[in-house]
Each structure stands twice: as structure tokens, then as C-alpha cells.
Amino acid sequence: MPAKQSARGKSLSESTQFMISQHLWLRILAGMVLGIITGLLLSPSGFALVEANMAFTIGEWIKLPGVVFLGLIQMVIVPLVICSIILGIAESGSMEMIRRLGLRIIPYFITTTVIAISIGMALVHIIHPGTAIDPALAEMSLASGAAADSIPSHTFNDLTIPQRIANLIPTNPAKAELERNMLQIVIASMLAGLALLGIEDKTAKPFKDLCIAGQVLSMKIISWGMVIAPFAAFGLLGNITIRIGADALVSVGLYMVTVLTALACMMAVYLLIVKLFSDFNIRQFVSGIREAQLIAFSTSSSAATMPVSIQCAEEKLDIRPDVSRFVIPLGATINMDGTALYQAVAAVFLCQVFGVDLSPGELVLLMMTTVGASIGTPATPGVGIVVLATILVGIGVPAEGIALIIGVDRILDMCRTTVNVTGDLTASAVMQKWLSK
Ligand code: ASP
């Protein structure tokens with residue numbers, strides 16, 4: 001690797017070292033458990049150790065580190081995605097390589113997403129978690145409007161398909177950034193990366209250096225956020241448990257089991273893919289990607305994990321930089337198998353709760369919508385559930401039903417992000433082999 005890239009690798013390692021060392025994920029898990037216990041002790045519908053108003057005020061305060069943590073990640077996510085994608089493409093060698101990779105990677109991503117959704121759909125139909133919910137609780141969730149903040153005010157609008165395709169090109173990149181339209185941002189960054197590939201090195205260098213600095217700087221800020229991650233987990237779960245109480249948590253237990261089992265099955269599918277379609281053995285692959293998985297679990301953001309994923313791919317698995325630097329940034333933003341699976345399970349679960357019957361045709365439509373929605377879901381914490389609202393509206397389930405599952409979303413977000421990141425690393429391993437043929 002050229003000297004400059006090693007220097008970048010070193011700076012990245014320094015800023016991410018804290019996340020990996022000191023068992024951060026374990027401390028986050030402890031924060032989560034303590035948060036739920038504290039929430040149960042204080043919640044008016046739990047042990048109610050203090051009066052309701054007091055409990056809600058405490059909830060607001062303990063949630064503060066969580067809000068700061070999420071804020072820091074959100075703050076740097078757009079520059080991080082832009083810099084990583086531009087660098088990924090600009091450093092990936094040649095246009096020919098991009099073309100060969102692109103032709104293979106897009107069908108691959110779509111196939112794995114469809115597999116993920118099918119696993120989710122199959123399990124939610126077998127386990128049927130929606131029937132375990134007390135109808136009174138479902139009605140209450142509609143009335144409470146607890147999810148109001150998370151539900152987008154506008155849903156998929158009725159643009160025609162050619163209009164939607166034309167809309168992918170951001171005619172006003174600043175507006176795309178302002179509105180956090182991730183798909184447009186990804187496309188603008190890819191174009192910039194391709195353009196850099198096509199201009200002479202001397203002219204491209206200052207811009208590439210700027211992107212390198214932007215990436216390292218963003219990771220530095222994320223690593224600061226990680227210092228408070230355990231407190232964030234404590235506060236976010238504590239606050240939500242105070243608000244929704246124990247009953248609500250227990251009643252969606254079966255739904256959680258469904259999502260987690262489906263995610264575990266998807267992990268098994270990845271291992272199978274690695275065994276069948278890559279040059280790695282499973283043990284080597286699993287130990288090579290561990291750090292990226294831990295960061296994904298801790299940050300709940302595929303984008304924030306991206307630089308570490310690239311590092312794991314190149315340094316631990318010896319994947320060619322031209323593969324990893326193209327596949328991982330692209331995958332982090334458009335390949336979200338865990339999110340797609342989760343959105344499918346959640347949508348069918350809420351259909352079961354609210355008695356909406358889906359015909360086989362509607363199920364296929366739901367699958368297609370979910371593939372599209374997961375591509376458009378930004379790689380940041382907690383957005384999978386926001387995008388879910390638009391899916392629900394499409395199939396006639398009240399989006400307020402999200403109130404029912406929002407309490408457990410943090411935990412599921414951490415797990416689905418881990419699956420998303422594993423999917424990108426699996427894709428890199430497979431592409432490495434396919435391109436060497
Ligand atoms: N947090 C997920 C990710 O960044 C997206 C989601 O909310 O599902 O991969």
C-alpha cells in the first residue's frame with residue numbers, strides 16, 4: 001500500500017482503537033440491562049418508586065447522553081459517507097474495474113436482500129408474533145401517538161418510475177445534503193469519485209487529500225461519541241422503559257425473538273455464502289470481521305462502521321483495496337439485508353396485530369417495497385423504523401402502530417446493523433474471488 005494510505009490507516013486506527021478495546025460492546029450491553037432495570041423501577045406501570053411526573057423528568061435527563069451520542073453520529077454521517085465513497089471509487093484503480101465490479105455487485109446485493117426478506121417473512125408467518133398481542137394494547141399504541149416524532153410527515157409520493165429515476169441525480173447537491181437524501185448523496189459522491197478517476201493525478205490529489213482528512217476527522221468525532229455509548233444505551237433504554245412500562249416490553253417479546261432469530265439465520269446464510277463462493281474458510285472470515293461487527297453493534301450505524309470495515313477487509317482478510325474500497329462504501333449505503341429483513345418482519349407483525357390480511361400478491365408487493373426501502377434507508381441509527389412508516393402506509397397499517405415496537409428498536413437496530421455490515425464484508429469476500437477468475 002502507498003505510504004499515504006498507511007498513514008491514513010494509522011490515523012483511522014487511532015480514532016477507532018477505543019471502540020474496539022476495553023470491551024466497549026460489553027459495557028454497552030451492561031448499560032442496556034441497567035437502563036431497562038432502572039426504567040422498570042421508576043415506570044408508573046412498573047414498580048413506580050417515584051411518582052409519574054418525577055419519573056418522566058428523570059427519563060428526560062438520563063436520555064441526554066443518548067441524544068448527544070446519536071447527534072454526534074448524525075452530525076458527521078453525511079461528510080463521512082461522501083468522503084468514503086469518493087475515496088473508495090477514486091482509489092479503486094480504473095473505470096474498467098468499476099464496470100466489472102458494478103455489473104456483479106448490484107445483482108448480488110439484490111439477491112441477498114431478497115433472501116433476507118424471505119427469511120424474515122417465513123419466520124414471521126411461522127411464529128405469528130402478532131397474535132400474542134393484547135388488542136387493547138394495540139389500540140392504546142394508536143391513541144398514544146408515542147411514535148409521532150418518528151413518523152415522516154410525507155411518505156412515498158406518487159412520482160412515476162421515470163421521474164423517480166431522474167430524481168436520483170441531485171440537481172442541487174446542497175439540497176440533497178440538507179434533506180439528508182442519502183441515495184442522492186451516494187450518487188453525487190459516486191459521480192465525483194468517477195470524475196476523479198478520470199483526471200490527472202496532480203490535479204486530483206488536493207481533493208483526495210481533503211476527503212482523507214474529512215474521513216479521519218469524522219471518525220475522530222464518532223470515537224468521541226463512543227466514549228459515552230454505554231451511558232447512551234442506559235439512558236435511551238431507561239427512558240423508553242419508563243414511558244412504555246414493562247407490559248409493553250414483554251408483549252413484544254415474541255416479535256423480538258422473531259427478528260433476532262431471522263437475523264441469526266441470515267448470519268448463517270452469509271457463512272454459507274463465504275464457504276461456497278469465496279476463498280476464505282469460515283473461521284478465518286469470522287475472526288477477520290469481528291472488530292467491524294463490534295463497532296456496528298456499538299454505533300448502530302453502517303456508515304460510521306465503514307472505515308473500520310474497510311480496514312478489516314484489507315488488513316485482516318487481505319482483500320484487494322480496489323474491491324473493498326468500492327464494495328464496502330456502496331454496500332454500507334445501499335445493501336442493508338438486516339434492515340430489509342427487520343422491515344419485512346415488522347410490517348407483517350403489525351398487519352397481524354391490526355388484523356390486516358395480506359394476499360400473496362400484496363406480500364410480493366411488500367417484498368419489492370422493502371427491497372427499495374432498505375436501499376433508501378440511510379446508514380444511521382434508528383432510521384430503519386422511520387422508513388418502515390412509509391411501508392406501513394403503503395399496505396394500509398396505521399403508521400402509529402410503530403409506537404408498539406419503538407421501545408425495543410434500539411436493541412434490534414444494533415443487531416440489524418451488525419448483519420448489514422457482515423453482509424458488506426461477505427460481498428467483498430465473494431467479489432474478490434469472482435474478479436480473480
Ligand atoms: N442503523 C442501520 C444501519 O446503519 C439502519 C437501520 O436503522 O436499519 O445500518
# chains A, B, ... in the order shown; residues from 1 in each chain; ligands from 1
call {"tool": "residues_near_ligand", "arguments": {"ligand": "ligand 1", "cutoff": "6 Å", "atoms": "only C-alpha atoms and all ligand atoms", "output": "list in words"}}
result
Ser300, Ser301, Ser302, Thr339, Ala379, Thr380, Pro381, Gly382, Val383, Gly384, Asp413, Thr417 and Asn420 of chain A
call {"tool": "residues_around", "arguments": {"residues": "range 273-286 of chain A", "least_positions_apart": "5", "cutoff": "9 Å", "atoms": "only C-alpha atoms", "output": "list in words"}}
result
Ala268, Lys316, Leu317, Thr426, Ala427, Ala429, Val430, Met431, Gln432, Lys433 and Trp434 of chain A
call {"tool": "write_last_selection", "arguments": {"atoms": "C-alpha atoms", "output": "mmCIF file, in the first residue's frame"}}
result
data_model
loop_
_atom_site.group_PDB
_atom_site.id
_atom_site.type_symbol
_atom_site.label_atom_id
_atom_site.label_comp_id
_atom_site.auth_asym_id
_atom_site.auth_seq_id
_atom_site.Cartn_x
_atom_site.Cartn_y
_atom_site.Cartn_z
ATOM 1 C CA ALA A 268 -25.780 -18.403 8.854
ATOM 2 C CA LYS A 316 -7.308 -8.936 8.330
ATOM 3 C CA LEU A 317 -8.708 -10.634 5.250
ATOM 4 C CA THR A 426 -19.309 -11.079 2.811
ATOM 5 C CA ALA A 427 -19.895 -9.314 -0.505
ATOM 6 C CA ALA A 429 -15.018 -11.678 0.057
ATOM 7 C CA VAL A 430 -17.179 -13.051 -2.762
ATOM 8 C CA MET A 431 -16.264 -10.279 -5.217
ATOM 9 C CA GLN A 432 -12.574 -10.830 -4.536
ATOM 10 C CA LYS A 433 -12.949 -14.389 -5.814
ATOM 11 C CA TRP A 434 -15.297 -13.569 -8.714
#
call {"tool": "residues_around", "arguments": {"residues": "range 124-136 of chain A", "least_positions_apart": "2", "cutoff": "8 Å", "atoms": "only C-alpha atoms", "output": "list in words"}}
result
Gly120, Met121, Ala122, Ala138, Glu139, Met140, Ser251, Val252, Leu254, Tyr255, Thr258, Val345, Val348, Phe349, Leu350, Cys351, Gln352 and Val353 of chain A
call {"tool": "write_last_selection", "arguments": {"atoms": "C-alpha atoms", "output": "PDB file, in the first residue's frame"}}
result
ATOM      1  CA  GLY A 120     -37.997 -12.697   7.726  1.00  0.00           C
ATOM      2  CA  MET A 121     -41.327 -13.317   6.030  1.00  0.00           C
ATOM      3  CA  ALA A 122     -41.114 -17.076   6.553  1.00  0.00           C
ATOM      4  CA  ALA A 138     -52.620  -2.190  20.141  1.00  0.00           C
ATOM      5  CA  GLU A 139     -55.464   0.315  20.413  1.00  0.00           C
ATOM      6  CA  MET A 140     -53.580   2.157  23.147  1.00  0.00           C
ATOM      7  CA  SER A 251     -45.803  -8.282  24.976  1.00  0.00           C
ATOM      8  CA  VAL A 252     -43.490  -7.574  22.050  1.00  0.00           C
ATOM      9  CA  LEU A 254     -42.158 -12.720  20.684  1.00  0.00           C
ATOM     10  CA  TYR A 255     -41.721 -10.123  17.949  1.00  0.00           C
ATOM     11  CA  THR A 258     -38.756 -13.428  15.588  1.00  0.00           C
ATOM     12  CA  VAL A 345     -40.939  -8.770   9.869  1.00  0.00           C
ATOM     13  CA  VAL A 348     -46.147  -8.315   8.731  1.00  0.00           C
ATOM     14  CA  PHE A 349     -46.160  -8.305  12.550  1.00  0.00           C
ATOM     15  CA  LEU A 350     -48.144  -5.067  12.602  1.00  0.00           C
ATOM     16  CA  CYS A 351     -50.504  -6.477   9.958  1.00  0.00           C
ATOM     17  CA  GLN A 352     -51.121  -9.418  12.272  1.00  0.00           C
ATOM     18  CA  VAL A 353     -51.701  -7.073  15.226  1.00  0.00           C
TER      19      VAL A 353
END
call {"tool": "closest_atom_pairs", "arguments": {"of": "range 194-255 of chain A", "to": "range 85-95 of chain A", "cutoff": "8 Å", "atoms": "only C-alpha atoms", "output": "CSV"}}
result
residue,atom,partner,partner_atom,distance
A:Leu194,CA,A:Ala90,CA,6.3
A:Leu196,CA,A:Ala90,CA,5.7
A:Leu197,CA,A:Ala90,CA,5.1
A:Lys208,CA,A:Leu87,CA,6.6
A:Cys211,CA,A:Leu87,CA,6.7
A:Ile212,CA,A:Leu87,CA,7.4
call {"tool": "write_last_selection", "arguments": {"atoms": "C-alpha atoms", "output": "short mmCIF file (atom, residue, chain, number, x, y, z; two decimals), in the first residue's frame"}}
result
data_model
loop_
_atom_site.label_atom_id
_atom_site.label_comp_id
_atom_site.auth_asym_id
_atom_site.auth_seq_id
_atom_site.Cartn_x
_atom_site.Cartn_y
_atom_site.Cartn_z
CA LEU A 194 -15.55 8.56 -11.10
CA LEU A 196 -11.53 11.99 -10.03
CA LEU A 197 -10.53 8.69 -11.63
CA LYS A 208 -8.43 13.34 -2.45
CA CYS A 211 -11.53 13.61 1.52
CA ILE A 212 -8.93 11.67 3.50
#
call {"tool": "select_by_dssp", "arguments": {"residues": "range 180-424 of chain A", "states": "alpha helix (DSSP H)", "output": "PyMOL selection string"}}
result
chain A and resi 182-197+201-227+229-251+253-277+282-299+302-311+321-334+337-353+360-376+383-395+409-424
call {"tool": "closest_residue", "arguments": {"among": "A:Val76, A:Ile411, A:Val33, A:Ile244", "to": "Ala303 in chain A", "atoms": "only C-alpha atoms"}}
result
A:Val76
call {"tool": "residues_around", "arguments": {"residues": "range 363-366 of chain A", "least_positions_apart": "6", "cutoff": "8 Å", "atoms": "only C-alpha atoms", "output": "PyMOL selection string"}}
result
chain A and resi 344+391+395
call {"tool": "closest_residue", "arguments": {"among": "A:Phe354, A:Phe231, A:Phe297, A:Phe109", "to": "Met336 in chain A", "atoms": "only C-alpha atoms"}}
result
A:Phe109
call {"tool": "closest_residue", "arguments": {"among": "A:Gln215, A:Ser43, A:Thr369, A:Thr261", "to": "Ile119 in chain A", "atoms": "only C-alpha atoms"}}
result
A:Thr261
call {"tool": "closest_residue", "arguments": {"among": "A:Leu236, A:Val371, A:Met219, A:Leu103", "to": "Ile334 in chain A", "atoms": "only C-alpha atoms"}}
result
A:Val371
call {"tool": "closest_residue", "arguments": {"among": "A:Thr390, A:Thr305, A:Gln343, A:Ser218", "to": "Leu412 in chain A", "atoms": "only C-alpha atoms"}}
result
A:Gln343
call {"tool": "residues_around", "arguments": {"residues": "Ile405 in chain A", "least_positions_apart": "2", "cutoff": "9 Å", "atoms": "only C-alpha atoms", "output": "VMD selection string"}}
result
chain A and resid 248 to 249 252 255 to 256 346 385 401 to 403 407 to 409
call {"tool": "write_last_selection", "arguments": {"atoms": "C-alpha atoms", "output": "compact mmCIF listing (two decimals), in the first residue's frame"}}
result
# COMPACT_ATOMS: atom_id res chain seq x y z
CA ALA A 248 -45.45 -3.34 26.57
CA LEU A 249 -41.91 -4.72 26.56
CA VAL A 252 -43.49 -7.57 22.05
CA TYR A 255 -41.72 -10.12 17.95
CA MET A 256 -38.16 -9.53 19.15
CA ALA A 346 -42.16 -5.55 11.50
CA ILE A 385 -38.03 2.23 11.79
CA GLY A 401 -48.64 1.16 15.20
CA ILE A 402 -44.92 1.82 15.33
CA ALA A 403 -45.49 3.03 18.88
CA GLY A 407 -39.43 0.62 22.67
CA VAL A 408 -37.34 -2.32 21.55
CA ASP A 409 -35.97 -0.69 18.43
call {"tool": "closest_residue", "arguments": {"among": "A:Cys83, A:Asn53, A:Thr38, A:Ile115", "to": "Ala213 in chain A", "atoms": "only C-alpha atoms"}}
result
A:Cys83
call {"tool": "residues_around", "arguments": {"residues": "Pro44 in chain A", "least_positions_apart": "2", "cutoff": "10 Å", "atoms": "only C-alpha atoms", "output": "count of residues only"}}
result
21
